[in-house]
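Structure file entry29.csv (CSV, C-alpha atoms) follows.
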chain,number,residue,atom,x,y,z
A,1,MET,CA,180.7,100.8,97.4
A,2,GLU,CA,183.8,102.9,97.0
A,3,ARG,CA,183.5,105.5,94.4
A,4,LEU,CA,185.6,104.9,91.3
A,5,VAL,CA,187.6,107.9,90.1
A,6,LEU,CA,187.6,108.0,86.3
A,7,ASP,CA,190.9,108.4,84.7
A,8,PRO,CA,191.0,111.8,82.9
A,9,THR,CA,193.8,110.8,80.6
A,10,GLY,CA,191.9,107.9,79.1
A,11,ARG,CA,194.9,105.6,79.4
A,12,ALA,CA,193.1,103.1,81.6
A,13,ARG,CA,190.1,102.9,79.3
A,14,ASP,CA,189.8,99.1,78.8
A,15,ALA,CA,190.6,98.2,82.4
A,16,GLU,CA,188.2,100.9,83.6
A,17,SER,CA,185.4,99.6,81.3
A,18,ALA,CA,185.9,96.1,82.6
A,19,GLU,CA,185.8,97.3,86.2
A,20,LEU,CA,182.6,99.3,85.6
A,21,SER,CA,180.9,96.2,84.2
A,22,ALA,CA,182.1,94.1,87.1
A,23,ARG,CA,180.8,96.5,89.6
A,24,GLY,CA,177.2,96.1,88.5
A,25,ALA,CA,174.6,97.8,86.4
A,26,ALA,CA,175.2,101.2,88.0
A,27,THR,CA,178.1,102.3,90.2
A,28,PRO,CA,179.2,105.5,91.9
A,29,VAL,CA,182.0,107.4,90.1
A,30,ASP,CA,183.9,110.6,90.3
A,31,ILE,CA,184.2,112.5,87.1
A,32,LEU,CA,186.7,115.4,87.6
A,33,GLY,CA,185.4,116.0,91.1
A,34,VAL,CA,181.7,115.6,90.3
A,35,HIS,CA,179.8,112.6,91.7
A,36,ALA,CA,177.6,110.6,89.4
A,37,TRP,CA,176.1,107.1,88.8
A,38,SER,CA,177.9,105.4,85.9
A,39,VAL,CA,175.6,103.1,84.0
A,40,SER,CA,177.4,100.5,81.9
A,41,ASP,CA,174.8,97.7,81.6
A,42,PRO,CA,173.4,98.3,78.0
A,43,GLU,CA,170.0,96.9,79.0
A,44,LEU,CA,169.6,99.3,81.9
A,45,LEU,CA,171.2,102.1,80.0
A,46,GLU,CA,168.7,101.8,77.1
A,47,GLU,CA,165.8,102.0,79.6
A,48,LEU,CA,167.2,105.1,81.3
A,49,LEU,CA,168.0,106.8,78.0
A,50,LYS,CA,164.3,106.7,77.0
A,51,ASP,CA,162.9,107.2,80.6
A,52,PRO,CA,161.2,110.6,80.9
A,53,ARG,CA,162.4,110.6,84.6
A,54,VAL,CA,165.9,111.2,83.2
A,55,SER,CA,166.8,114.7,81.9
A,56,LYS,CA,169.8,116.3,80.3
A,57,ASP,CA,168.8,119.8,81.4
A,58,GLY,CA,171.1,120.6,84.4
A,59,LEU,CA,169.6,124.1,84.7
A,60,ARG,CA,166.2,122.5,85.6
A,61,HIS,CA,167.2,119.2,87.2
A,62,TRP,CA,170.6,119.4,88.8
A,63,PRO,CA,171.1,121.1,92.2
A,64,GLY,CA,174.9,121.2,91.5
A,65,TYR,CA,174.4,123.2,88.2
A,66,ASP,CA,175.5,126.6,89.5
A,67,GLN,CA,178.6,125.3,91.3
A,68,ALA,CA,179.6,123.3,88.2
A,69,LEU,CA,179.4,126.3,86.0
A,70,ARG,CA,181.9,128.1,88.3
A,71,THR,CA,184.4,125.3,89.0
A,72,TRP,CA,183.9,122.2,86.8
A,73,PRO,CA,186.3,121.8,83.8
A,74,LEU,CA,183.4,120.3,81.8
A,75,ALA,CA,181.0,123.2,82.5
A,76,LEU,CA,180.4,123.8,78.8
A,77,TRP,CA,179.0,120.3,78.5
A,78,VAL,CA,176.1,121.1,80.9
A,79,GLY,CA,175.9,124.9,80.3
A,80,VAL,CA,175.1,125.1,76.6
A,81,ARG,CA,171.5,125.6,75.5
A,82,ASN,CA,170.7,123.4,72.5
A,83,MET,CA,169.0,120.1,71.8
A,84,PHE,CA,171.9,118.2,73.4
A,85,ASN,CA,170.8,119.4,76.8
A,86,ALA,CA,167.1,120.2,76.3
A,87,TYR,CA,164.3,118.4,77.9
A,88,GLY,CA,160.7,117.7,76.8
A,89,ALA,CA,159.0,120.2,74.5
A,90,ASP,CA,162.2,122.3,74.3
A,91,HIS,CA,164.1,119.3,73.0
A,92,ARG,CA,161.5,118.5,70.4
A,93,ARG,CA,161.4,122.1,69.2
A,94,LEU,CA,165.2,122.3,68.8
A,95,ARG,CA,165.6,118.9,67.2
A,96,ARG,CA,163.0,119.7,64.6
A,97,LEU,CA,164.9,122.7,63.4
A,98,VAL,CA,168.0,120.7,62.7
A,99,GLY,CA,166.5,117.3,61.8
A,100,GLY,CA,165.9,118.0,58.1
A,101,ALA,CA,169.7,118.3,57.4
A,102,PHE,CA,170.2,114.7,58.6
A,103,THR,CA,167.4,112.8,57.0
A,104,ALA,CA,168.3,109.6,55.1
A,105,ARG,CA,167.4,111.4,51.9
A,106,HIS,CA,169.6,114.4,52.6
A,107,VAL,CA,172.5,112.3,53.7
A,108,ALA,CA,172.2,110.1,50.6
A,109,ALA,CA,172.5,113.2,48.5
A,110,MET,CA,175.8,114.0,50.3
A,111,ALA,CA,177.4,110.7,49.4
A,112,ALA,CA,179.0,111.9,46.2
A,113,GLY,CA,180.5,114.9,48.0
A,114,VAL,CA,181.9,112.6,50.8
A,115,GLU,CA,183.5,110.3,48.1
A,116,GLU,CA,185.0,113.3,46.4
A,117,LEU,CA,186.6,114.7,49.6
A,118,THR,CA,187.8,111.2,50.6
A,119,ASP,CA,189.4,110.6,47.2
A,120,ALA,CA,191.2,114.0,47.3
A,121,LEU,CA,192.7,113.1,50.7
A,122,LEU,CA,193.8,109.7,49.4
A,123,ASP,CA,195.4,111.4,46.4
A,124,ASP,CA,197.4,113.5,48.8
A,125,LEU,CA,198.5,110.4,50.7
A,126,ALA,CA,199.4,108.6,47.4
A,127,ALA,CA,201.9,111.4,46.8
A,128,CYS,CA,203.9,110.6,50.0
A,129,ALA,CA,207.4,109.3,49.7
A,130,PRO,CA,207.7,105.4,49.7
A,131,GLY,CA,208.4,104.2,53.3
A,132,GLU,CA,207.3,107.5,54.8
A,133,VAL,CA,205.4,107.0,58.1
A,134,VAL,CA,202.0,108.8,57.8
A,135,ASP,CA,199.6,109.8,60.6
A,136,LEU,CA,196.2,108.7,59.3
A,137,ARG,CA,194.4,110.4,62.1
A,138,ALA,CA,195.8,113.7,61.0
A,139,ARG,CA,195.8,113.0,57.3
A,140,LEU,CA,192.4,111.3,56.8
A,141,ALA,CA,190.3,110.6,60.0
A,142,TYR,CA,190.3,114.3,61.0
A,143,PRO,CA,190.2,116.3,57.8
A,144,LEU,CA,187.3,114.3,56.2
A,145,PRO,CA,184.7,115.0,59.0
A,146,VAL,CA,186.0,118.5,59.3
A,147,GLN,CA,185.5,119.2,55.6
A,148,VAL,CA,182.1,117.5,55.5
A,149,VAL,CA,180.7,119.5,58.5
A,150,SER,CA,182.3,122.7,57.3
A,151,ARG,CA,180.4,122.3,54.0
A,152,LEU,CA,177.2,121.5,55.8
A,153,LEU,CA,177.4,124.6,58.0
A,154,GLY,CA,179.1,126.9,55.5
A,155,LEU,CA,182.2,127.5,57.6
A,156,PRO,CA,184.9,129.6,56.0
A,157,ARG,CA,188.1,127.8,55.3
A,158,ASP,CA,190.2,130.2,57.4
A,159,ILE,CA,188.4,129.3,60.7
A,160,THR,CA,188.2,125.5,60.4
A,161,ASP,CA,191.6,124.9,61.9
A,162,THR,CA,190.7,127.3,64.7
A,163,PHE,CA,187.5,125.4,65.3
A,164,ARG,CA,189.3,122.1,65.2
A,165,GLY,CA,191.7,123.2,67.9
A,166,MET,CA,188.9,124.4,70.1
A,167,VAL,CA,186.9,121.2,69.7
A,168,ASP,CA,190.0,119.2,70.8
A,169,LYS,CA,190.1,121.3,74.0
A,170,VAL,CA,186.4,120.9,74.6
A,171,PHE,CA,186.8,117.1,74.6
A,172,SER,CA,190.1,117.3,76.7
A,173,THR,CA,189.7,116.3,80.3
A,174,VAL,CA,193.2,117.3,81.5
A,175,LEU,CA,192.7,121.1,81.3
A,176,THR,CA,192.3,123.2,84.4
A,177,PRO,CA,188.9,124.9,85.0
A,178,GLU,CA,190.5,128.2,84.0
A,179,GLU,CA,191.8,126.7,80.7
A,180,SER,CA,188.4,125.2,80.0
A,181,ALA,CA,186.6,128.4,80.7
A,182,ALA,CA,188.9,130.4,78.4
A,183,THR,CA,188.4,127.8,75.6
A,184,ALA,CA,184.6,128.0,76.0
A,185,SER,CA,184.7,131.8,76.0
A,186,ALA,CA,186.8,132.0,72.9
A,187,PHE,CA,184.8,129.3,71.1
A,188,LEU,CA,181.5,131.1,71.8
A,189,ALA,CA,182.9,134.4,70.7
A,190,LEU,CA,184.0,132.9,67.4
A,191,LEU,CA,180.6,131.3,66.8
A,192,GLU,CA,179.0,134.7,67.4
A,193,GLU,CA,181.3,136.3,64.9
A,194,LEU,CA,180.4,133.5,62.4
A,195,ILE,CA,176.7,134.1,62.9
A,196,ALA,CA,177.1,137.8,62.4
A,197,ALA,CA,179.0,137.2,59.2
A,198,LYS,CA,176.3,134.8,58.0
A,199,ARG,CA,173.6,137.3,58.7
A,200,ARG,CA,175.3,139.8,56.5
A,201,GLU,CA,176.0,137.3,53.7
A,202,PRO,CA,173.8,134.2,54.0
A,203,GLY,CA,174.5,131.1,51.9
A,204,GLU,CA,173.0,127.8,51.1
A,205,ASP,CA,174.0,126.1,54.3
A,206,LEU,CA,172.6,125.0,57.7
A,207,THR,CA,174.0,127.9,59.6
A,208,SER,CA,172.1,130.4,57.3
A,209,ALA,CA,169.0,128.3,57.6
A,210,LEU,CA,169.1,128.3,61.4
A,211,ILE,CA,169.6,132.1,61.3
A,212,ALA,CA,166.7,132.5,59.0
A,213,ALA,CA,164.5,130.4,61.3
A,214,ARG,CA,165.6,132.5,64.3
A,215,ASP,CA,165.2,135.9,62.7
A,216,ALA,CA,161.8,135.1,61.0
A,217,GLU,CA,160.2,134.5,64.4
A,218,SER,CA,162.0,137.0,66.6
A,219,ASP,CA,159.8,140.0,65.8
A,220,GLY,CA,158.1,140.2,69.2
A,221,GLY,CA,156.4,136.8,69.0
A,222,SER,CA,157.7,133.4,70.2
A,223,SER,CA,160.9,132.6,68.5
A,224,ALA,CA,161.9,129.3,66.9
A,225,LEU,CA,165.1,129.5,68.9
A,226,SER,CA,166.8,132.1,71.0
A,227,GLU,CA,170.1,133.7,70.0
A,228,GLU,CA,171.9,131.6,72.6
A,229,GLU,CA,170.2,128.5,71.3
A,230,LEU,CA,171.2,129.4,67.8
A,231,ARG,CA,174.9,129.8,68.7
A,232,ASP,CA,174.9,126.7,70.9
A,233,THR,CA,173.3,124.6,68.2
A,234,VAL,CA,176.1,125.5,65.7
A,235,LEU,CA,178.6,124.6,68.5
A,236,LEU,CA,176.9,121.2,69.0
A,237,ILE,CA,177.0,120.3,65.3
A,238,VAL,CA,180.7,121.4,64.9
A,239,SER,CA,181.8,119.6,68.0
A,240,ALA,CA,179.9,116.3,67.5
A,241,GLY,CA,180.5,116.4,63.7
A,242,TYR,CA,184.2,116.7,64.1
A,243,GLU,CA,185.3,114.5,67.0
A,244,THR,CA,183.0,111.5,67.0
A,245,THR,CA,183.4,110.6,63.3
A,246,VAL,CA,187.2,111.2,63.6
A,247,ASN,CA,187.3,108.5,66.3
A,248,LEU,CA,185.1,106.1,64.3
A,249,ILE,CA,187.5,106.2,61.3
A,250,ASP,CA,190.5,106.1,63.6
A,251,ASN,CA,189.3,103.1,65.5
A,252,GLY,CA,188.0,101.3,62.3
A,253,VAL,CA,191.4,101.5,60.7
A,254,THR,CA,193.1,100.4,63.9
A,255,ASP,CA,190.8,97.5,64.4
A,256,LEU,CA,191.3,96.2,60.9
A,257,LEU,CA,195.1,96.6,61.0
A,258,THR,CA,195.4,94.8,64.3
A,259,HIS,CA,193.0,92.0,63.2
A,260,PRO,CA,194.2,91.0,59.7
A,261,ASP,CA,191.9,87.9,59.8
A,262,GLN,CA,188.9,90.2,60.0
A,263,LEU,CA,190.2,92.4,57.1
A,264,ALA,CA,190.6,89.2,55.1
A,265,LEU,CA,186.9,88.3,55.7
A,266,VAL,CA,185.9,91.7,54.4
A,267,ARG,CA,188.1,91.4,51.3
A,268,ALA,CA,186.7,87.9,50.7
A,269,GLY,CA,183.2,89.3,50.7
A,270,GLN,CA,182.2,87.4,53.9
A,271,ALA,CA,181.4,90.7,55.6
A,272,GLY,CA,180.7,94.2,54.4
A,273,TRP,CA,182.0,97.6,55.2
A,274,GLU,CA,178.7,98.3,57.0
A,275,ASP,CA,179.7,95.4,59.3
A,276,VAL,CA,183.1,96.9,59.9
A,277,VAL,CA,181.6,100.3,60.9
A,278,GLU,CA,179.0,98.8,63.3
A,279,GLU,CA,181.6,96.5,64.9
A,280,ALA,CA,184.1,99.4,65.3
A,281,LEU,CA,181.3,101.6,66.9
A,282,ARG,CA,180.4,98.8,69.3
A,283,ARG,CA,183.9,97.8,70.3
A,284,ASN,CA,185.2,101.3,70.7
A,285,ALA,CA,182.4,103.8,71.1
A,286,PRO,CA,183.7,107.1,69.8
A,287,VAL,CA,182.4,108.7,73.0
A,288,ALA,CA,183.4,106.7,76.1
A,289,HIS,CA,181.5,108.6,78.8
A,290,LEU,CA,179.0,111.3,77.9
A,291,PRO,CA,178.2,113.9,80.5
A,292,MET,CA,175.6,114.3,81.8
A,293,ARG,CA,172.0,113.2,82.7
A,294,PHE,CA,170.0,113.9,85.9
A,295,ALA,CA,167.2,112.1,87.8
A,296,VAL,CA,164.0,114.1,87.7
A,297,GLU,CA,162.7,112.0,90.6
A,298,ASP,CA,163.9,109.1,92.6
A,299,ILE,CA,164.6,106.1,90.4
A,300,GLU,CA,164.9,102.5,91.7
A,301,LEU,CA,167.5,100.5,89.8
A,302,PRO,CA,168.2,96.7,89.9
A,303,GLY,CA,170.3,95.5,92.8
A,304,GLY,CA,168.7,97.8,95.3
A,305,VAL,CA,170.3,101.0,94.0
A,306,THR,CA,168.3,104.2,94.2
A,307,VAL,CA,169.3,107.2,92.1
A,308,ARG,CA,167.9,110.2,94.1
A,309,ARG,CA,166.2,113.2,92.5
A,310,GLY,CA,168.8,115.6,91.2
A,311,GLU,CA,171.7,113.1,91.2
A,312,ALA,CA,173.8,112.8,88.0
A,313,ILE,CA,173.8,109.8,85.7
A,314,LEU,CA,176.8,109.2,83.4
A,315,PRO,CA,176.3,106.9,80.5
A,316,ALA,CA,179.4,104.6,80.0
A,317,TYR,CA,179.2,103.9,76.3
A,318,ALA,CA,182.6,102.3,76.0
A,319,ALA,CA,181.8,99.8,78.8
A,320,ALA,CA,178.3,99.2,77.5
A,321,GLY,CA,179.7,98.3,74.0
A,322,ARG,CA,181.7,95.4,75.5
A,323,HIS,CA,179.4,94.4,78.3
A,324,PRO,CA,179.0,90.6,78.9
A,325,VAL,CA,175.2,90.9,79.5
A,326,ARG,CA,174.8,91.5,75.8
A,327,TYR,CA,178.0,90.3,74.1
A,328,GLY,CA,179.1,87.4,76.4
A,329,ASP,CA,182.8,86.8,76.9
A,330,SER,CA,183.7,88.0,73.5
A,331,GLY,CA,182.8,91.7,74.0
A,332,ALA,CA,186.3,92.9,73.7
A,333,ASP,CA,186.9,91.0,70.5
A,334,PHE,CA,186.7,92.6,67.1
A,335,ASP,CA,184.4,90.3,65.0
A,336,VAL,CA,183.0,91.7,61.7
A,337,THR,CA,180.7,88.6,61.5
A,338,ARG,CA,179.2,89.2,64.9
A,339,PRO,CA,175.4,88.5,64.6
A,340,VAL,CA,174.5,91.1,67.3
A,341,LYS,CA,174.7,94.5,65.6
A,342,ASP,CA,172.9,96.6,68.1
A,343,HIS,CA,175.0,99.0,70.2
A,344,LEU,CA,174.6,102.3,72.0
A,345,ALA,CA,177.4,104.3,70.4
A,346,PHE,CA,175.0,106.9,69.1
A,347,GLY,CA,172.9,106.9,72.2
A,348,HIS,CA,169.2,105.8,72.4
A,349,GLY,CA,165.8,107.3,72.8
A,350,VAL,CA,164.9,110.9,72.1
A,351,HIS,CA,168.5,112.0,72.2
A,352,PHE,CA,169.7,109.4,69.6
A,353,CYS,CA,172.4,111.2,67.6
A,354,LEU,CA,170.9,113.0,64.6
A,355,GLY,CA,174.2,112.7,62.8
A,356,ALA,CA,174.4,108.9,62.9
A,357,PRO,CA,173.5,108.4,59.2
A,358,LEU,CA,176.2,110.9,58.1
A,359,ALA,CA,178.8,109.4,60.5
A,360,ARG,CA,178.1,105.9,59.1
A,361,LEU,CA,178.4,107.2,55.5
A,362,GLU,CA,181.7,108.9,56.2
A,363,GLY,CA,183.0,105.8,58.0
A,364,ARG,CA,182.0,103.4,55.2
A,365,THR,CA,183.4,105.7,52.5
A,366,ALA,CA,186.7,106.4,54.3
A,367,LEU,CA,187.4,102.8,55.2
A,368,SER,CA,186.4,101.1,52.0
A,369,ARG,CA,188.3,103.6,49.8
A,370,LEU,CA,191.4,103.7,52.0
A,371,PHE,CA,191.9,99.9,52.0
A,372,ALA,CA,191.1,99.7,48.3
A,373,ARG,CA,193.6,102.4,47.5
A,374,PHE,CA,196.4,101.1,49.8
A,375,PRO,CA,196.1,97.3,49.9
A,376,ASP,CA,199.4,96.9,51.7
A,377,LEU,CA,198.5,99.4,54.5
A,378,ALA,CA,200.1,98.5,57.8
A,379,LEU,CA,200.8,100.0,61.2
A,380,ALA,CA,204.2,101.6,61.3
A,381,PRO,CA,206.9,99.4,63.1
A,382,ASP,CA,206.9,100.1,66.8
A,383,ALA,CA,203.8,102.3,66.5
A,384,ARG,CA,202.5,103.5,69.9
A,385,LEU,CA,198.8,104.0,69.9
A,386,LEU,CA,198.3,106.4,72.7
A,387,PRO,CA,194.8,107.6,73.7
A,388,VAL,CA,193.8,111.2,73.4
A,389,ASP,CA,193.8,113.0,76.8
A,390,SER,CA,190.2,112.5,77.5
A,391,LEU,CA,187.7,110.3,79.4
A,392,ILE,CA,185.1,111.5,76.8
A,393,SER,CA,186.7,111.1,73.4
A,394,ASN,CA,187.8,107.6,72.6
A,395,GLY,CA,190.5,107.7,69.9
A,396,HIS,CA,194.3,108.0,69.5
A,397,ARG,CA,196.6,110.9,69.5
A,398,ALA,CA,198.1,109.7,66.3
A,399,LEU,CA,197.7,106.7,64.0
A,400,PRO,CA,201.1,106.1,62.4
A,401,VAL,CA,201.1,103.8,59.3
A,402,LEU,CA,203.0,102.7,56.3
A,403,LEU,CA,200.9,103.1,53.2
A,404,GLY,CA,202.7,100.7,50.9
A,405,ARG,CA,201.9,100.7,47.2
A,406,ALA,CA,199.0,102.9,46.0
A,407,ALA,CA,196.5,101.3,43.7
A,408,PRO,CA,194.8,103.5,41.0
A,409,ARG,CA,191.8,105.5,42.2
A,410,ALA,CA,188.5,103.6,41.9
A,411,ALA,CA,186.3,104.7,39.0
What is this file in structure tokens?
Amino acid sequence: MERLVLDPTGRARDAESAELSARGAATPVDILGVHAWSVSDPELLEELLKDPRVSKDGLRHWPGYDQALRTWPLALWVGVRNMFNAYGADHRRLRRLVGGAFTARHVAAMAAGVEELTDALLDDLAACAPGEVVDLRARLAYPLPVQVVSRLLGLPRDITDTFRGMVDKVFSTVLTPEESAATASAFLALLEELIAAKRREPGEDLTSALIAARDAESDGGSSALSEEELRDTVLLIVSAGYETTVNLIDNGVTDLLTHPDQLALVRAGQAGWEDVVEEALRRNAPVAHLPMRFAVEDIELPGGVTVRRGEAILPAYAAAGRHPVRYGDSGADFDVTRPVKDHLAFGHGVHFCLGAPLARLEGRTALSRLFARFPDLALAPDARLLPVDSLISNGHRALPVLLGRAAPRAA
């Protein structure tokens, strides 16, 4: 079968997802010059994501690793050393160090703070001039996750905008290898400066806790994590915490405004905001394709396909979220009453996203309070919803809306 070249701009996302599904459970693709097996069938993808014969550790299991670090624009995605890419015991060790910050109990304790941040952003929006076109991605979808993650990690206010710009570039797939390498180098240097500052003046935050875990066990014995793992773990939380939740809120607003019948069901109490969040995640997975996984040994797939040891596997989450094998012919529809709630937007298996409960909390809070505060919210006339320049990130460059009248802030 001819190899499908994935569109780096994201502009052919829906058509590309449909073609991936039509090609079969797994199909050969080209992702910025690297060959991989794209898996879009959610049933097969679930099996592979929990299969110990599939690894995310390119250093150990990808023969193309060294070449990718030199020439591939997405080298940072396979070159970092944190739980995102770890395998086996290393993954369990690294996940344990971060897991406490994302337990249901800890996330529930963050709810009041998320509501406070959301209301402050909505107050700013309420002060906009009547009839002014407002970019909700820039004014709500982006700043809320940035502020939440910044609080969690104890990031100084003066570097959050810099981090935001760097995360945008990490997710971009239209940069040259040289531009991507420069971004990675600058990002890692800034993280090292942050860690040094936190060592001098620790706080009550996750970055300080990780530093303490690192330093407490680095006196000649086996360390809880290496200095590289410490830095790259902070990088992971910043990147995932910013971009994915931004896209969840962005797509949730877009889906409701383009499907007023579904918004009416929510307002009538026939569906809840939890339903909205899950359907938005399913229909438009915040991460469309997530590089990368690798076969530890030969793996036989349905249809006579064999993924050879060392070959790359690319989960196609956007396509899986609409795949007819699970959702029938209505996979592309937005239906808040859909009885099938399961999806793979947060992954599956041992690498299931630790931040899923926090992302869901932010999504529910932002969407419910936004539509209560601005009951006449509508897309701006002639709004063009262009995708971000990425085959990874699944969101819009801007979300232009008219707010309409502002209701009083909820008690």
| request: Do a neighbour search on stretch 160-170 of chain A at 8 Å with all atoms listed in the file, toss out local chain neighbours closer than 6 positions, and write the hits as a list in words. | output: Leu74, Leu76, Val146, Ser150, Ser180, Thr183, Ala184, Phe187, Val238, Ser239, Tyr242 and Glu243 of chain A
Residues of stretch 219-293 of chain A that have any atom at most 9 Å from an atom of stretch 304-327 of chain A: could you tabulate them with the shortest-distance atom pair and the distance in Å to one decimal, using all atoms listed in the file, ordered by chain and increasing number, as a tab-separated table?
residue	atom	partner	partner_atom	distance
A:Leu281	CA	A:Gly321	CA	8.0
A:Arg282	CA	A:Gly321	CA	4.8
A:Arg283	CA	A:Gly321	CA	5.6
A:Asn284	CA	A:Ala318	CA	6.0
A:Ala285	CA	A:Ala318	CA	5.1
A:Pro286	CA	A:Ala318	CA	7.9
A:Val287	CA	A:Tyr317	CA	6.6
A:Ala288	CA	A:Ala318	CA	4.5
A:His289	CA	A:Ala316	CA	4.7
A:Leu290	CA	A:Pro315	CA	5.8
A:Pro291	CA	A:Leu314	CA	5.7
A:Met292	CA	A:Leu314	CA	5.5
A:Arg293	CA	A:Ile313	CA	4.9
| request: Enter the distance from atom CA of A:Leu191 to atom CA of A:Gly363, in Å, rounded to one decimal. | output: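 Taking atom CA of A:Leu191 as the start and atom CA of A:Gly363 as the end point, the length is 27.1 Å.
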Distance cut-off 12 Å, centre (168.3, 111.3, 67.4) in file coordinates, counting all atoms listed in the file: which residues qualify? Return them as a short mmCIF file (atom, residue, chain, number, x, y, z; two decimals) with C-alpha atoms, keeping the file's coordinate frame.
data_model
loop_
_atom_site.label_atom_id
_atom_site.label_comp_id
_atom_site.auth_asym_id
_atom_site.auth_seq_id
_atom_site.Cartn_x
_atom_site.Cartn_y
_atom_site.Cartn_z
CA LEU A 49 168.00 106.80 78.00
CA LYS A 50 164.30 106.70 77.00
CA MET A 83 169.00 120.10 71.80
CA PHE A 84 171.90 118.20 73.40
CA HIS A 91 164.10 119.30 73.00
CA ARG A 92 161.50 118.50 70.40
CA LEU A 94 165.20 122.30 68.80
CA ARG A 95 165.60 118.90 67.20
CA ARG A 96 163.00 119.70 64.60
CA VAL A 98 168.00 120.70 62.70
CA GLY A 99 166.50 117.30 61.80
CA GLY A 100 165.90 118.00 58.10
CA PHE A 102 170.20 114.70 58.60
CA THR A 103 167.40 112.80 57.00
CA LEU A 344 174.60 102.30 72.00
CA ALA A 345 177.40 104.30 70.40
CA PHE A 346 175.00 106.90 69.10
CA GLY A 347 172.90 106.90 72.20
CA HIS A 348 169.20 105.80 72.40
CA GLY A 349 165.80 107.30 72.80
CA VAL A 350 164.90 110.90 72.10
CA HIS A 351 168.50 112.00 72.20
CA PHE A 352 169.70 109.40 69.60
CA CYS A 353 172.40 111.20 67.60
CA LEU A 354 170.90 113.00 64.60
CA GLY A 355 174.20 112.70 62.80
CA ALA A 356 174.40 108.90 62.90
CA PRO A 357 173.50 108.40 59.20
#
| message | Give me, as number ranges by chain, all polymer residues having an atom no more than 12 Å from A:Leu257, counting only C-alpha atoms and skipping those fewer than 5 positions away in the same chain. | response | A: 250-252, 262-264, 334, 367, 371, 375-380, 383, 399-403
| said: Please list as number ranges by chain every residue within 12 Å of A:Arg139, counting all atoms listed in the file and excluding residues in the same chain fewer than 3 positions away. | reply: A: 118, 120-126, 128, 133-136, 142-146, 246, 249-250, 366, 370, 398-401, 403
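In this model, the gap between atom CA of A:Glu201 and atom CA of A:Leu153 comes to 13.5 Å.
Distance annotation: of A:Ser368, A:Ser21, A:Thr254, A:Ser208, the residue with the minimal separation from A:Arg384 is A:Thr254; atom set is only C-alpha atoms.
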| message | Between A:Ile159, A:Leu230, A:Val340, A:Ala141, which residue has the minimum interatomic distance to A:Thr244, considering only C-alpha atoms? | response | A:Ala141
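Between A:Glu229 and the candidates A:Arg11, A:Arg397, A:Arg267, A:Arg214, the tightest atom-to-atom separation, counting only C-alpha atoms, involves A:Arg214.
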| note | One decimal place gives the atom CA of A:Ser172-atom CA of A:Asn85 separation as 19.4 Å
| query | Any idea what's packed within 8 Å of A:Ala101, counting all atoms listed in the file, ignoring anything in its chain fewer than 5 positions away? Could you give it as a list in words? | reply |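 Everything that qualifies: His106, Val107 and Leu206 of chain A.
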| request: Anything within 7 Å of (195.1, 116.1, 78.7): list those residues as a VMD selection string, counting all atoms listed in the file and sticking to the file's coordinates. | output: chain A and resid 9 172 to 175 389 to 390
| message | Quick one: residues within 9 Å of A:Arg369, only C-alpha atoms, excluding same-chain residues fewer than 5 positions away - as a ChimeraX atom specification? | response | /A:115,118-119,122,364,374,409-410
| said: Counting only C-alpha atoms, which residue out of A:Asp57, A:Asp382, A:Asp255, A:Asp232 sits closest to A:Ala89? | reply: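 Residue with the minimum atom-to-atom distance to A:Ala89: A:Asp57.
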| request: Choose the residue, out of A:Ala224, A:Ala86, A:Leu361, A:Ile392, that has the smallest atom-to-atom separation from A:Leu32; count all atoms listed in the file. | output: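 Between A:Ala224, A:Ala86, A:Leu361, A:Ile392, the residue approaching A:Leu32 most closely is A:Ile392.
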Can stretch 285-290 of chain A be brought up to N, CA, C and O atoms and written out as a PDB file, in the frame of the given file?
ATOM      1  N   ALA A 285     183.313 102.646  71.286  1.00  0.00           N
ATOM      2  CA  ALA A 285     182.400 103.800  71.100  1.00  0.00           C
ATOM      3  C   ALA A 285     183.164 105.064  71.010  1.00  0.00           C
ATOM      4  O   ALA A 285     184.044 105.334  71.843  1.00  0.00           O
ATOM      5  N   PRO A 286     182.913 105.885  69.998  1.00  0.00           N
ATOM      6  CA  PRO A 286     183.700 107.100  69.800  1.00  0.00           C
ATOM      7  C   PRO A 286     183.638 108.053  71.016  1.00  0.00           C
ATOM      8  O   PRO A 286     184.562 108.824  71.246  1.00  0.00           O
ATOM      9  N   VAL A 287     182.549 107.981  71.796  1.00  0.00           N
ATOM     10  CA  VAL A 287     182.400 108.700  73.000  1.00  0.00           C
ATOM     11  C   VAL A 287     182.361 107.703  74.172  1.00  0.00           C
ATOM     12  O   VAL A 287     181.417 106.909  74.237  1.00  0.00           O
ATOM     13  N   ALA A 288     183.355 107.705  75.031  1.00  0.00           N
ATOM     14  CA  ALA A 288     183.400 106.700  76.100  1.00  0.00           C
ATOM     15  C   ALA A 288     182.449 106.954  77.221  1.00  0.00           C
ATOM     16  O   ALA A 288     181.750 106.045  77.677  1.00  0.00           O
ATOM     17  N   HIS A 289     182.435 108.177  77.713  1.00  0.00           N
ATOM     18  CA  HIS A 289     181.500 108.600  78.800  1.00  0.00           C
ATOM     19  C   HIS A 289     180.897 109.931  78.260  1.00  0.00           C
ATOM     20  O   HIS A 289     181.633 110.796  77.775  1.00  0.00           O
ATOM     21  N   LEU A 290     179.587 110.099  78.402  1.00  0.00           N
ATOM     22  CA  LEU A 290     179.000 111.300  77.900  1.00  0.00           C
ATOM     23  C   LEU A 290     178.255 112.062  79.020  1.00  0.00           C
ATOM     24  O   LEU A 290     177.162 111.691  79.451  1.00  0.00           O
TER      25      LEU A 290
END
